[in-house]
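The next block is data.pdb, given as PDB, C-alpha atoms and all ligand atoms.
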```
MODEL        1
ATOM      1  CA  MET G   1      25.785  39.500  -0.797
ATOM      2  CA  PRO G   2      28.269  37.995   1.685
ATOM      3  CA  LEU G   3      28.921  39.949   4.866
ATOM      4  CA  ILE G   4      32.483  41.024   5.593
ATOM      5  CA  ARG G   5      33.612  41.712   9.155
ATOM      6  CA  PHE G   6      36.306  44.282   9.740
ATOM      7  CA  GLY G   7      37.753  46.166  12.702
ATOM      8  CA  VAL G   8      37.482  49.922  13.149
ATOM      9  CA  SER G   9      39.765  51.950  15.412
ATOM     10  CA  ILE G  10      37.964  54.851  16.998
ATOM     11  CA  GLU G  11      38.472  57.213  19.955
ATOM     12  CA  LYS G  12      36.595  56.132  23.082
ATOM     13  CA  GLY G  13      34.744  59.447  23.406
ATOM     14  CA  LEU G  14      33.682  59.459  19.789
ATOM     15  CA  LEU G  15      32.345  55.915  20.035
ATOM     16  CA  ALA G  16      30.420  56.812  23.193
ATOM     17  CA  ARG G  17      28.786  59.706  21.340
ATOM     18  CA  PHE G  18      28.028  57.456  18.376
ATOM     19  CA  ASP G  19      26.437  54.862  20.668
ATOM     20  CA  ARG G  20      24.277  57.537  22.308
ATOM     21  CA  LEU G  21      23.245  58.854  18.890
ATOM     22  CA  ILE G  22      22.290  55.466  17.478
ATOM     23  CA  ARG G  23      20.419  54.554  20.678
ATOM     24  CA  ASP G  24      18.367  57.747  20.292
ATOM     25  CA  LYS G  25      17.703  56.820  16.674
ATOM     26  CA  GLU G  26      16.666  53.345  17.821
ATOM     27  CA  TYR G  27      19.217  51.332  15.905
ATOM     28  CA  THR G  28      19.481  47.838  17.297
ATOM     29  CA  ASN G  29      23.217  47.630  16.723
ATOM     30  CA  ARG G  30      26.292  49.537  15.551
ATOM     31  CA  SER G  31      26.589  47.574  12.323
ATOM     32  CA  GLU G  32      23.226  48.688  10.957
ATOM     33  CA  ALA G  33      23.924  52.302  11.975
ATOM     34  CA  PHE G  34      27.324  52.150  10.286
ATOM     35  CA  ARG G  35      25.854  50.653   7.105
ATOM     36  CA  ASP G  36      23.298  53.473   6.985
ATOM     37  CA  LEU G  37      26.025  56.097   7.384
ATOM     38  CA  ILE G  38      27.877  54.601   4.422
ATOM     39  CA  ARG G  39      24.708  54.473   2.315
ATOM     40  CA  LYS G  40      23.976  58.094   3.208
ATOM     41  CA  GLU G  41      27.358  59.111   1.802
ATOM     42  CA  LEU G  42      26.832  56.979  -1.316
ATOM     43  CA  VAL G  43      23.441  58.606  -1.956
ATOM     44  CA  LEU G  44      25.003  62.045  -1.479
ATOM     45  CA  GLU G  45      27.655  61.120  -4.021
ATOM     46  CA  GLN G  46      24.965  60.037  -6.494
ATOM     47  CA  TRP G  47      23.260  63.414  -6.144
ATOM     48  CA  GLN G  48      26.519  65.268  -6.667
ATOM     49  CA  GLY G  49      27.425  63.281  -9.756
ATOM     50  CA  SER G  50      25.587  62.180 -12.871
ATOM     51  CA  HIS G  51      24.058  58.976 -11.483
ATOM     52  CA  GLU G  52      20.360  58.296 -11.812
ATOM     53  CA  ILE G  53      18.602  59.246  -8.576
ATOM     54  CA  ALA G  54      15.105  59.046  -7.113
ATOM     55  CA  GLY G  55      13.459  61.313  -4.591
ATOM     56  CA  ALA G  56      10.416  63.299  -3.605
ATOM     57  CA  ILE G  57       9.458  66.947  -3.576
ATOM     58  CA  THR G  58       6.799  68.096  -1.116
ATOM     59  CA  LEU G  59       5.013  71.402  -1.366
ATOM     60  CA  ILE G  60       2.573  73.175   0.928
ATOM     61  CA  TYR G  61       0.536  75.974  -0.599
ATOM     62  CA  ASN G  62      -2.735  77.854  -0.446
ATOM     63  CA  HIS G  63      -4.656  76.962  -3.583
ATOM     64  CA  HIS G  64      -6.680  80.197  -3.383
ATOM     65  CA  LYS G  65      -3.624  82.237  -4.352
ATOM     66  CA  ARG G  66      -4.115  83.624  -7.809
ATOM     67  CA  GLU G  67      -2.277  81.812 -10.607
ATOM     68  CA  LEU G  68      -0.296  79.694  -8.146
ATOM     69  CA  VAL G  69      -1.761  76.323  -9.154
ATOM     70  CA  ASN G  70      -1.350  77.122 -12.858
ATOM     71  CA  LYS G  71       2.280  78.094 -12.372
ATOM     72  CA  LEU G  72       3.037  74.900 -10.463
ATOM     73  CA  MET G  73       1.357  72.928 -13.246
ATOM     74  CA  ASP G  74       3.315  74.726 -15.996
ATOM     75  CA  ILE G  75       6.617  73.994 -14.278
ATOM     76  CA  GLN G  76       5.749  70.331 -13.808
ATOM     77  CA  HIS G  77       4.904  69.986 -17.492
ATOM     78  CA  ASP G  78       8.289  71.501 -18.364
ATOM     79  CA  PHE G  79       9.970  68.824 -16.226
ATOM     80  CA  GLY G  80       7.765  65.957 -17.355
ATOM     81  CA  ASP G  81      10.753  63.668 -17.973
ATOM     82  CA  SER G  82      11.807  63.869 -14.318
ATOM     83  CA  ILE G  83       8.391  63.286 -12.729
ATOM     84  CA  ILE G  84       7.158  59.729 -12.274
ATOM     85  CA  SER G  85       4.126  60.452 -10.095
ATOM     86  CA  SER G  86       2.415  63.152  -8.078
ATOM     87  CA  GLN G  87      -0.230  63.254  -5.416
ATOM     88  CA  HIS G  88      -2.361  66.166  -4.296
ATOM     89  CA  ILE G  89      -3.897  66.157  -0.835
ATOM     90  CA  HIS G  90      -6.366  68.809   0.365
ATOM     91  CA  LEU G  91      -5.158  69.404   3.929
ATOM     92  CA  ASP G  92      -7.912  71.810   4.907
ATOM     93  CA  HIS G  93     -10.097  74.501   3.323
ATOM     94  CA  ASP G  94      -7.071  76.526   2.147
ATOM     95  CA  ASN G  95      -3.938  74.397   2.247
ATOM     96  CA  CYS G  96      -2.778  71.707  -0.115
ATOM     97  CA  LEU G  97       0.034  69.186   0.184
ATOM     98  CA  GLU G  98       1.572  68.024  -3.058
ATOM     99  CA  VAL G  99       4.060  65.171  -3.223
ATOM    100  CA  ILE G 100       5.968  64.790  -6.473
ATOM    101  CA  ALA G 101       8.060  61.670  -7.008
ATOM    102  CA  VAL G 102      11.108  62.254  -9.202
ATOM    103  CA  LYS G 103      13.608  60.012 -10.942
ATOM    104  CA  GLY G 104      16.495  60.648 -13.308
ATOM    105  CA  SER G 105      19.097  63.396 -13.405
ATOM    106  CA  PRO G 106      19.939  64.878  -9.990
ATOM    107  CA  GLN G 107      20.529  68.298 -11.555
ATOM    108  CA  GLN G 108      17.076  68.270 -13.172
ATOM    109  CA  ALA G 109      15.420  67.140  -9.926
ATOM    110  CA  GLN G 110      17.153  69.912  -7.989
ATOM    111  CA  LYS G 111      16.207  72.472 -10.614
ATOM    112  CA  LEU G 112      12.593  71.328 -10.550
ATOM    113  CA  ALA G 113      12.465  71.536  -6.746
ATOM    114  CA  ASP G 114      14.025  75.013  -6.770
ATOM    115  CA  SER G 115      11.589  76.236  -9.441
ATOM    116  CA  LEU G 116       8.551  74.960  -7.533
ATOM    117  CA  LYS G 117       9.695  76.224  -4.129
ATOM    118  CA  SER G 118      10.371  79.713  -5.467
ATOM    119  CA  VAL G 119       6.848  80.213  -6.834
ATOM    120  CA  LYS G 120       5.156  82.997  -4.881
ATOM    121  CA  GLY G 121       2.639  81.559  -2.445
ATOM    122  CA  VAL G 122       4.380  78.237  -1.821
ATOM    123  CA  LYS G 123       4.626  78.179   1.981
ATOM    124  CA  HIS G 124       7.076  75.330   2.311
ATOM    125  CA  GLY G 125       8.923  72.986   0.019
ATOM    126  CA  THR G 126      11.371  70.174   0.567
ATOM    127  CA  LEU G 127      13.443  67.934  -1.628
ATOM    128  CA  SER G 128      14.069  64.502  -0.220
ATOM    129  CA  MET G 129      17.218  63.223  -1.904
ATOM    130  CA  SER G 130      16.993  59.478  -2.169
ATOM    131  CA  THR G 131      18.184  56.738  -4.448
ATOM    132  CA  THR G 132      16.927  54.272  -7.020
ATOM    133  CA  GLY G 133      18.459  51.669  -4.721
ATOM    134  CA  LYS G 134      21.131  50.692  -7.221
ATOM    135  CA  GLY G 135      24.727  51.012  -6.080
ATOM    136  CA  VAL G 136      23.974  51.454  -2.396
TER     137      VAL G 136
HETATM  138 NI    NI G 201      -5.985  70.952  -2.604
ENDMDL
END
```
Can I see the file as structure tokens?
Ligand code: NI
Amino acid sequence: MPLIRFGVSIEKGLLARFDRLIRDKEYTNRSEAFRDLIRKELVLEQWQGSHEIAGAITLIYNHHKRELVNKLMDIQHDFGDSIISSQHIHLDHDNCLEVIAVKGSPQQAQKLADSLKSVKGVKHGTLSMSTTGKGV
């Protein structure tokens, strides 16, 4: 796609803070940082609307907890349409890391993440809201 150049008016202090921020985040220039900010907003909009999204749910749990693994499995079968892949990693003797890749309805993905995180014995859960890459 062709690149368009345009001017932005911004307060000196705000720009100085932006420059400090993007330096800390190791952006090589303002343009790339600005493009990422725009994409971040577009992805957020996709998650708030009815666009198709992609993302990942991560869970940390102790597999020795009674019924926990079965419950997590039951929930994932109920949301089979949203799940495109999952990976189970045995972190140590007790703890497991599960990464579940999701695609489809943002509401379903959120509901799936909430259901999994709320199962008793899940120590930590995150939902990484990303995009299929279309429209951003
Ligand atoms: Ni395990």
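Using all atoms listed in the file, the nearest neighbour of ligand NI 201 (chain G) within the list G:Asn62, G:Gln76, G:Ser50, G:Gln108 is G:Asn62.
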Translate the PyMOL selection byres (((chain G and resi 113) around 8) and not hetatm), as applied to the file shown, into an explicit residue set as a list of chain:residue names.
G:Ile57, G:Ala109, G:Gln110, G:Lys111, G:Leu112, G:Asp114, G:Ser115, G:Leu116, G:Lys117, G:Gly125, G:Thr126, G:Leu127
Just want the residues within 9 Å of ligand NI 201 (chain G), written as a list in words, counting only C-alpha atoms and all ligand atoms.
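The neighbouring residues of ligand NI 201 (chain G) are, in order, Tyr61, Asn62, His63, His88, Ile89, His90, Leu91, Asp92, His93, Asp94, Asn95, Cys96, Leu97 and Glu98 of chain G.
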Would you mind telling me which residue in G:Leu42, G:Ile75, G:Ile53, G:Ala16 lies nearest to Arg30 in chain G when using all atoms listed in the file?
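So, comparing all the options, the nearest one is G:Ala16.
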From CA of Arg35 in chain G to CA of Ile22 in chain G the spacing works out at 12.0 Å
Identify which of the residues G:Tyr27, G:Gln107, G:Val119, G:Arg39 lies closest to Ile60 in chain G, counting all atoms listed in the file when measuring atom-to-atom distances.
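Of the candidates, the smallest distance to Ile60 in chain G is held by G:Val119.
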Could you spell out the hits of the PyMOL selection byres (((chain G and resi 34) around 12) and not hetatm) on the shown file, as a list of chain:residue names?
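Written out, the selection comes to G:Phe6, G:Val8, G:Leu15, G:Phe18, G:Asp19, G:Leu21, G:Ile22, G:Tyr27, G:Thr28, G:Asn29, G:Arg30, G:Ser31, G:Glu32, G:Ala33, G:Arg35, G:Asp36, G:Leu37, G:Ile38, G:Arg39, G:Lys40, G:Glu41.
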Just checking: using all atoms listed in the file, which residue out of G:Ser82, G:Ser9, G:Ser118, G:Thr132 ends up closest to Gly104 in chain G?
G:Ser82
Residues within 6 Å of Val102 in chain G, please, as a short mmCIF file (atom, residue, chain, number, x, y, z; two decimals) with C-alpha atoms, in the frame of the given file. Count all atoms listed in the file; anything in the same chain fewer than 2 positions from it doesn't count.
```cif
data_model
loop_
_atom_site.label_atom_id
_atom_site.label_comp_id
_atom_site.auth_asym_id
_atom_site.auth_seq_id
_atom_site.Cartn_x
_atom_site.Cartn_y
_atom_site.Cartn_z
CA ALA G 54 15.10 59.05 -7.11
CA GLY G 55 13.46 61.31 -4.59
CA ALA G 56 10.42 63.30 -3.60
CA SER G 82 11.81 63.87 -14.32
CA ILE G 83 8.39 63.29 -12.73
CA ILE G 84 7.16 59.73 -12.27
#
```
